[in-house]
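Trainee: Contents of coords.pdb (PDB, C-alpha atoms) are below:
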MODEL        1
ATOM      1  CA  MET A  12     119.425 125.336  55.711
ATOM      2  CA  LYS A  13     117.983 122.777  58.120
ATOM      3  CA  ASN A  14     118.938 119.209  58.877
ATOM      4  CA  THR A  15     116.108 117.013  57.568
ATOM      5  CA  VAL A  16     116.544 114.521  60.432
ATOM      6  CA  THR A  17     116.506 116.902  63.413
ATOM      7  CA  ASN A  18     114.800 119.870  61.723
ATOM      8  CA  ARG A  19     117.396 122.162  63.289
ATOM      9  CA  PRO A  20     119.749 124.501  61.422
ATOM     10  CA  PHE A  21     123.151 123.093  60.480
ATOM     11  CA  SER A  22     126.087 124.413  62.497
ATOM     12  CA  GLN A  23     128.266 127.025  60.828
ATOM     13  CA  ALA A  24     131.253 124.656  61.039
ATOM     14  CA  TYR A  25     129.324 121.988  59.089
ATOM     15  CA  ILE A  26     128.210 124.539  56.484
ATOM     16  CA  ASP A  27     131.800 125.772  56.075
ATOM     17  CA  GLN A  28     133.085 122.207  55.707
ATOM     18  CA  ARG A  29     130.486 121.348  53.059
ATOM     19  CA  ASN A  30     131.307 124.565  51.156
ATOM     20  CA  ARG A  31     135.027 123.630  51.116
ATOM     21  CA  VAL A  32     134.112 120.222  49.661
ATOM     22  CA  TYR A  33     131.959 121.927  47.028
ATOM     23  CA  GLU A  34     134.843 124.233  46.035
ATOM     24  CA  LYS A  35     137.075 121.170  45.552
ATOM     25  CA  ASP A  36     134.322 119.662  43.397
ATOM     26  CA  LYS A  37     134.320 122.735  41.156
ATOM     27  CA  LEU A  38     138.116 122.596  40.762
ATOM     28  CA  ALA A  39     138.041 118.857  40.016
ATOM     29  CA  LEU A  40     135.320 119.400  37.415
ATOM     30  CA  VAL A  41     137.571 121.919  35.626
ATOM     31  CA  LEU A  42     140.421 119.368  35.658
ATOM     32  CA  LEU A  43     138.089 116.681  34.286
ATOM     33  CA  GLU A  44     136.742 118.918  31.530
ATOM     34  CA  SER A  45     140.246 120.047  30.513
ATOM     35  CA  GLY A  46     141.492 116.458  30.267
ATOM     36  CA  GLU A  47     144.072 116.835  33.056
ATOM     37  CA  ILE A  48     142.302 114.018  34.927
ATOM     38  CA  ILE A  49     140.684 111.044  33.192
ATOM     39  CA  VAL A  50     138.185 108.783  34.945
ATOM     40  CA  ASP A  51     137.329 105.224  33.969
ATOM     41  CA  GLY A  52     134.039 104.744  35.770
ATOM     42  CA  GLU A  53     133.669 101.087  34.833
ATOM     43  CA  LEU A  54     136.838 100.316  36.786
ATOM     44  CA  GLY A  55     136.474 103.164  39.268
ATOM     45  CA  GLU A  56     139.944 104.463  38.440
ATOM     46  CA  ALA A  57     141.364 107.954  37.907
ATOM     47  CA  THR A  58     144.525 108.811  35.997
ATOM     48  CA  ASN A  59     146.347 111.939  34.886
ATOM     49  CA  LYS A  60     146.551 112.883  31.199
ATOM     50  CA  LYS A  61     149.725 110.763  30.829
ATOM     51  CA  GLY A  62     147.836 107.658  31.993
ATOM     52  CA  LYS A  63     149.470 107.432  35.417
ATOM     53  CA  ARG A  64     147.072 106.556  38.263
ATOM     54  CA  LEU A  65     146.493 109.341  40.746
ATOM     55  CA  ARG A  66     148.064 108.844  44.163
ATOM     56  CA  GLU A  67     145.572 107.223  46.553
ATOM     57  CA  GLU A  68     145.294 106.701  50.293
ATOM     58  CA  ILE A  69     142.722 104.974  52.461
ATOM     59  CA  THR A  70     141.312 107.258  55.161
ATOM     60  CA  ILE A  71     140.789 106.197  58.765
ATOM     61  CA  LYS A  72     137.085 105.710  57.987
ATOM     62  CA  GLY A  73     137.896 103.433  55.043
ATOM     63  CA  TYR A  74     137.238 105.779  52.121
ATOM     64  CA  VAL A  75     139.691 106.202  49.235
ATOM     65  CA  LYS A  76     141.069 109.689  48.720
ATOM     66  CA  VAL A  77     142.920 110.728  45.581
ATOM     67  CA  TYR A  78     145.378 113.576  45.142
ATOM     68  CA  LEU A  79     144.572 115.997  42.331
ATOM     69  CA  ASN A  80     147.963 117.600  42.897
ATOM     70  CA  PRO A  81     150.569 117.158  45.666
ATOM     71  CA  LYS A  82     148.597 119.291  48.155
ATOM     72  CA  LEU A  83     144.979 118.917  47.063
ATOM     73  CA  TYR A  84     142.973 115.754  47.575
ATOM     74  CA  MET A  85     139.346 114.691  47.479
ATOM     75  CA  MET A  86     137.371 111.526  48.023
ATOM     76  CA  LYS A  87     137.624 109.227  45.008
ATOM     77  CA  SER A  88     133.878 108.547  45.066
ATOM     78  CA  ARG A  89     133.186 112.283  44.619
ATOM     79  CA  LEU A  90     135.615 112.491  41.709
ATOM     80  CA  ILE A  91     134.003 109.503  39.979
ATOM     81  CA  MET A  92     130.512 111.000  40.502
ATOM     82  CA  LEU A  93     131.663 114.339  39.091
ATOM     83  CA  ALA A  94     132.769 112.545  35.941
ATOM     84  CA  LYS A  95     129.489 110.621  35.767
ATOM     85  CA  GLU A  96     126.849 113.148  36.829
ATOM     86  CA  GLY A  97     128.579 116.506  36.959
ATOM     87  CA  LEU A  98     128.409 118.921  39.863
ATOM     88  CA  ALA A  99     125.809 118.168  42.539
ATOM     89  CA  LYS A 100     122.971 120.677  42.853
ATOM     90  CA  ASP A 101     124.269 121.990  46.199
ATOM     91  CA  ALA A 102     127.035 121.589  48.761
ATOM     92  CA  PHE A 103     124.941 119.354  51.039
ATOM     93  CA  ILE A 104     124.716 116.442  48.603
ATOM     94  CA  GLU A 105     126.871 113.426  49.486
ATOM     95  CA  VAL A 106     127.987 110.399  47.510
ATOM     96  CA  GLY A 107     126.585 107.088  48.713
ATOM     97  CA  HIS A 108     127.902 103.593  48.020
ATOM     98  CA  LEU A 109     125.042 101.278  47.077
ATOM     99  CA  ASP A 110     126.829  98.118  48.266
ATOM    100  CA  ASP A 111     128.296  99.863  51.365
ATOM    101  CA  ASP A 112     131.840  98.996  50.240
ATOM    102  CA  LYS A 113     133.665 102.308  50.691
ATOM    103  CA  THR A 114     136.436 101.240  48.311
ATOM    104  CA  ASN A 115     134.111 100.206  45.449
ATOM    105  CA  ASN A 116     134.053 103.417  43.414
ATOM    106  CA  ARG A 117     132.604 102.117  40.153
ATOM    107  CA  PHE A 118     129.918 104.221  38.427
ATOM    108  CA  GLN A 119     127.189 101.663  39.026
ATOM    109  CA  ASN A 120     127.887 101.615  42.791
ATOM    110  CA  LEU A 121     127.683 105.379  43.416
ATOM    111  CA  VAL A 122     124.718 107.683  43.845
ATOM    112  CA  TYR A 123     124.190 111.279  44.949
ATOM    113  CA  CYS A 124     122.123 111.414  48.145
ATOM    114  CA  THR A 125     121.388 113.599  51.151
ATOM    115  CA  ARG A 126     123.075 113.097  54.515
ATOM    116  CA  SER A 127     119.920 111.585  56.008
ATOM    117  CA  GLU A 128     119.540 109.130  53.096
ATOM    118  CA  ASN A 129     123.181 108.104  53.485
ATOM    119  CA  VAL A 130     122.851 107.544  57.242
ATOM    120  CA  LYS A 131     119.557 105.642  56.864
ATOM    121  CA  ALA A 132     121.161 103.343  54.291
ATOM    122  CA  ALA A 133     124.113 102.737  56.620
ATOM    123  CA  PHE A 134     121.833 101.821  59.526
ATOM    124  CA  ALA A 135     119.694  99.608  57.293
ATOM    125  CA  THR A 136     122.748  97.509  56.443
ATOM    126  CA  LYS A 137     124.383  97.827  59.880
ATOM    127  CA  VAL A 138     127.338  99.859  58.643
ATOM    128  CA  LYS A 139     128.887 101.766  61.527
ATOM    129  CA  VAL A 140     128.575 105.523  61.046
ATOM    130  CA  SER A 141     130.891 107.897  62.831
ATOM    131  CA  HIS A 142     128.238 109.665  64.893
ATOM    132  CA  GLY A 143     125.720 106.877  65.359
ATOM    133  CA  TYR A 144     125.334 103.597  67.166
ATOM    134  CA  SER A 145     124.854 100.290  65.459
ATOM    135  CA  PRO A 146     125.521  97.135  67.502
ATOM    136  CA  SER A 147     127.659  94.557  65.765
ATOM    137  CA  LEU A 148     126.045  91.491  67.384
ATOM    138  CA  SER A 149     122.507  90.191  67.728
ATOM    139  CA  HIS A 150     120.869  89.627  71.117
ATOM    140  CA  ALA A 151     121.506  85.878  70.762
ATOM    141  CA  GLU A 152     125.197  86.469  70.009
ATOM    142  CA  ILE A 153     125.493  88.784  73.009
ATOM    143  CA  ALA A 154     123.950  86.091  75.212
ATOM    144  CA  GLN A 155     126.460  83.611  73.786
ATOM    145  CA  CYS A 156     129.318  86.020  74.628
ATOM    146  CA  GLN A 157     128.127  86.045  78.235
ATOM    147  CA  LYS A 158     128.012  82.225  78.310
ATOM    148  CA  LEU A 159     131.523  81.992  76.860
ATOM    149  CA  LYS A 160     132.830  84.404  79.502
ATOM    150  CA  ALA A 161     131.187  82.300  82.218
ATOM    151  CA  GLN A 162     132.979  79.247  80.743
ATOM    152  CA  GLY A 163     136.319  81.009  81.194
ATOM    153  CA  TRP A 164     136.936  82.480  77.747
ATOM    154  CA  THR A 165     139.025  85.663  77.644
ATOM    155  CA  TYR A 166     137.753  88.865  76.055
ATOM    156  CA  GLY A 167     140.345  88.421  73.303
ATOM    157  CA  GLN A 168     139.102  84.923  72.500
ATOM    158  CA  ILE A 169     135.495  86.147  72.384
ATOM    159  CA  ALA A 170     136.545  89.078  70.194
ATOM    160  CA  ARG A 171     138.271  86.747  67.715
ATOM    161  CA  GLN A 172     135.269  84.392  67.705
ATOM    162  CA  TYR A 173     132.893  87.206  66.645
ATOM    163  CA  ASP A 174     135.390  89.415  64.786
ATOM    164  CA  ILE A 175     134.862  92.394  67.097
ATOM    165  CA  HIS A 176     137.168  94.605  69.163
ATOM    166  CA  HIS A 177     138.183  93.157  72.538
ATOM    167  CA  MET A 178     136.616  96.124  74.384
ATOM    168  CA  THR A 179     133.329  95.481  72.572
ATOM    169  CA  ALA A 180     133.592  91.831  73.631
ATOM    170  CA  LYS A 181     134.175  92.975  77.236
ATOM    171  CA  LYS A 182     131.126  95.228  77.097
ATOM    172  CA  TYR A 183     128.865  92.476  75.781
ATOM    173  CA  ALA A 184     130.305  89.688  77.972
ATOM    174  CA  ASP A 185     129.961  91.807  81.105
ATOM    175  CA  GLY A 186     126.280  92.342  80.333
ATOM    176  CA  ALA A 187     126.296  96.000  79.298
ATOM    177  CA  GLN A 188     122.863  97.201  78.227
ATOM    178  CA  LEU A 189     122.459  98.254  74.622
ATOM    179  CA  LYS A 190     122.018 102.010  74.154
ATOM    180  CA  ASN A 191     119.572 101.583  71.300
ATOM    181  CA  PRO A 192     118.099  98.070  71.212
ATOM    182  CA  GLY A 193     115.846  99.005  68.287
ATOM    183  CA  ASN A 194     118.846  98.923  65.929
ATOM    184  CA  THR A 195     120.062  95.435  66.781
ATOM    185  CA  LYS A 196     120.089  92.440  64.530
ATOM    186  CA  PRO A 197     117.157  90.065  65.167
TER     187      PRO A 197
ENDMDL
END
Here is the file; what I need is its structure written in the form of structure tokens.
Mentor:
Amino acid sequence: MKNTVTNRPFSQAYIDQRNRVYEKDKLALVLLESGEIIVDGELGEATNKKGKRLREEITIKGYVKVYLNPKLYMMKSRLIMLAKEGLAKDAFIEVGHLDDDKTNNRFQNLVYCTRSENVKAAFATKVKVSHGYSPSLSHAEIAQCQKLKAQGWTYGQIARQYDIHHMTAKKYADGAQLKNPGNTKP
């Protein structure tokens, strides 16, 4: 199978990872169909058959993962989509969040999509993706960062002003060139 963005074959590691996700989907679907797990898609919640909410954690990337049992977890958005739409047609289908809020797992906010559709949607709304580049400030804001630095502001003060990391503030204030100026805010 080829990546629709680069038109190159997927790496074996990526294929293996997607197949592991798909196997978890199949197991979760069995648990949903047997009534062991109950999903309320209007609230975006999942409980066991006794009505107790499944244990949840927020991942480093901001997604909610739920534990199907003490050792097996999956992304909550995938579990909700399984309850709504059933099993995706293949292992390479992802779950996208329409409002880009990774913790909003209500039925109406989730959609099955391809990797390229998911990444395009993230770039369109300036959501940072793990392998891409999306500047957090516009050209005008970057120019303002440089002016503030010239006025004696610290990188920390600039970072707090624009709600960015202090190293990002340093990069912008010191005049670093953007890697991909086509993706900046106007």
Trainee: Mind dumping a table of every stretch 98-189 of chain A residue within 8 Å of stretch 32-47 of chain A, with the nearest atom pair and its distance in Å to one decimal, using all atoms listed in the file, sorted by chain and rising number, as a Markdown table?
Mentor:
| residue | atom | partner | partner_atom | distance |
| --- | --- | --- | --- | --- |
| A:Leu98 | CA | A:Asp36 | CA | 6.9 |
| A:Asp101 | CA | A:Tyr33 | CA | 7.7 |
| A:Ala102 | CA | A:Tyr33 | CA | 5.2 |
Trainee: Starting from the shown file, work through the PyMOL selection byres ((chain A and resi 72-84) around 9) and note down what comes out as a JSON list (two decimals) with C-alpha atoms, keeping the file's coordinate frame.
Mentor:
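Once written, selection13.json looks like this:
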[["chain", "number", "residue", "atom", "x", "y", "z"],
["A", 35, "LYS", "CA", 137.07, 121.17, 45.55],
["A", 39, "ALA", "CA", 138.04, 118.86, 40.02],
["A", 42, "LEU", "CA", 140.42, 119.37, 35.66],
["A", 48, "ILE", "CA", 142.30, 114.02, 34.93],
["A", 57, "ALA", "CA", 141.36, 107.95, 37.91],
["A", 59, "ASN", "CA", 146.35, 111.94, 34.89],
["A", 65, "LEU", "CA", 146.49, 109.34, 40.75],
["A", 66, "ARG", "CA", 148.06, 108.84, 44.16],
["A", 67, "GLU", "CA", 145.57, 107.22, 46.55],
["A", 68, "GLU", "CA", 145.29, 106.70, 50.29],
["A", 69, "ILE", "CA", 142.72, 104.97, 52.46],
["A", 70, "THR", "CA", 141.31, 107.26, 55.16],
["A", 71, "ILE", "CA", 140.79, 106.20, 58.76],
["A", 85, "MET", "CA", 139.35, 114.69, 47.48],
["A", 86, "MET", "CA", 137.37, 111.53, 48.02],
["A", 87, "LYS", "CA", 137.62, 109.23, 45.01],
["A", 88, "SER", "CA", 133.88, 108.55, 45.07],
["A", 90, "LEU", "CA", 135.62, 112.49, 41.71],
["A", 112, "ASP", "CA", 131.84, 99.00, 50.24],
["A", 113, "LYS", "CA", 133.66, 102.31, 50.69],
["A", 114, "THR", "CA", 136.44, 101.24, 48.31],
["A", 116, "ASN", "CA", 134.05, 103.42, 43.41],
["A", 141, "SER", "CA", 130.89, 107.90, 62.83]]
Trainee: For the file shown, what are the residues hit by the PyMOL selection byres ((chain A and resi 172-181) around 10), laid out as a VMD selection string?
Mentor: chain A and resid 146 to 148 152 to 153 156 to 157 160 165 to 171 182 to 187
Trainee: Just how far from atom CA of A:Val106 is atom CA of A:Lys63, in Å to one decimal?
Mentor: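 Computing it gives 24.8 Å between the two atoms.
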Trainee: What is the distance between atom CA of A:Ala135 and atom CA of A:Met92, in Å to one decimal?
Mentor: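 Taking atom CA of A:Ala135 as the start and atom CA of A:Met92 as the end point, the length is 23.0 Å.
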Trainee: For atom CA of A:Arg117 and atom CA of A:Glu56, determine how far apart the two atoms are, in Å to one decimal place.
Mentor: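 Straight-line distance from atom CA of A:Arg117 to atom CA of A:Glu56 works out to 7.9 Å.
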Trainee: Give the answer as one residue: which of A:Leu109, A:Phe118, A:Pro20, A:Trp164 has the shortest atom-to-atom distance to A:Leu54, using all atoms listed in the file?
Mentor: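 Answer, going by the shortest atom-to-atom distance: A:Phe118.
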Trainee: Between A:Asp111, A:Glu53, A:Glu96, A:Glu105, single out the one closest to A:Cys124, counting all atoms listed in the file.
Mentor: A:Glu105
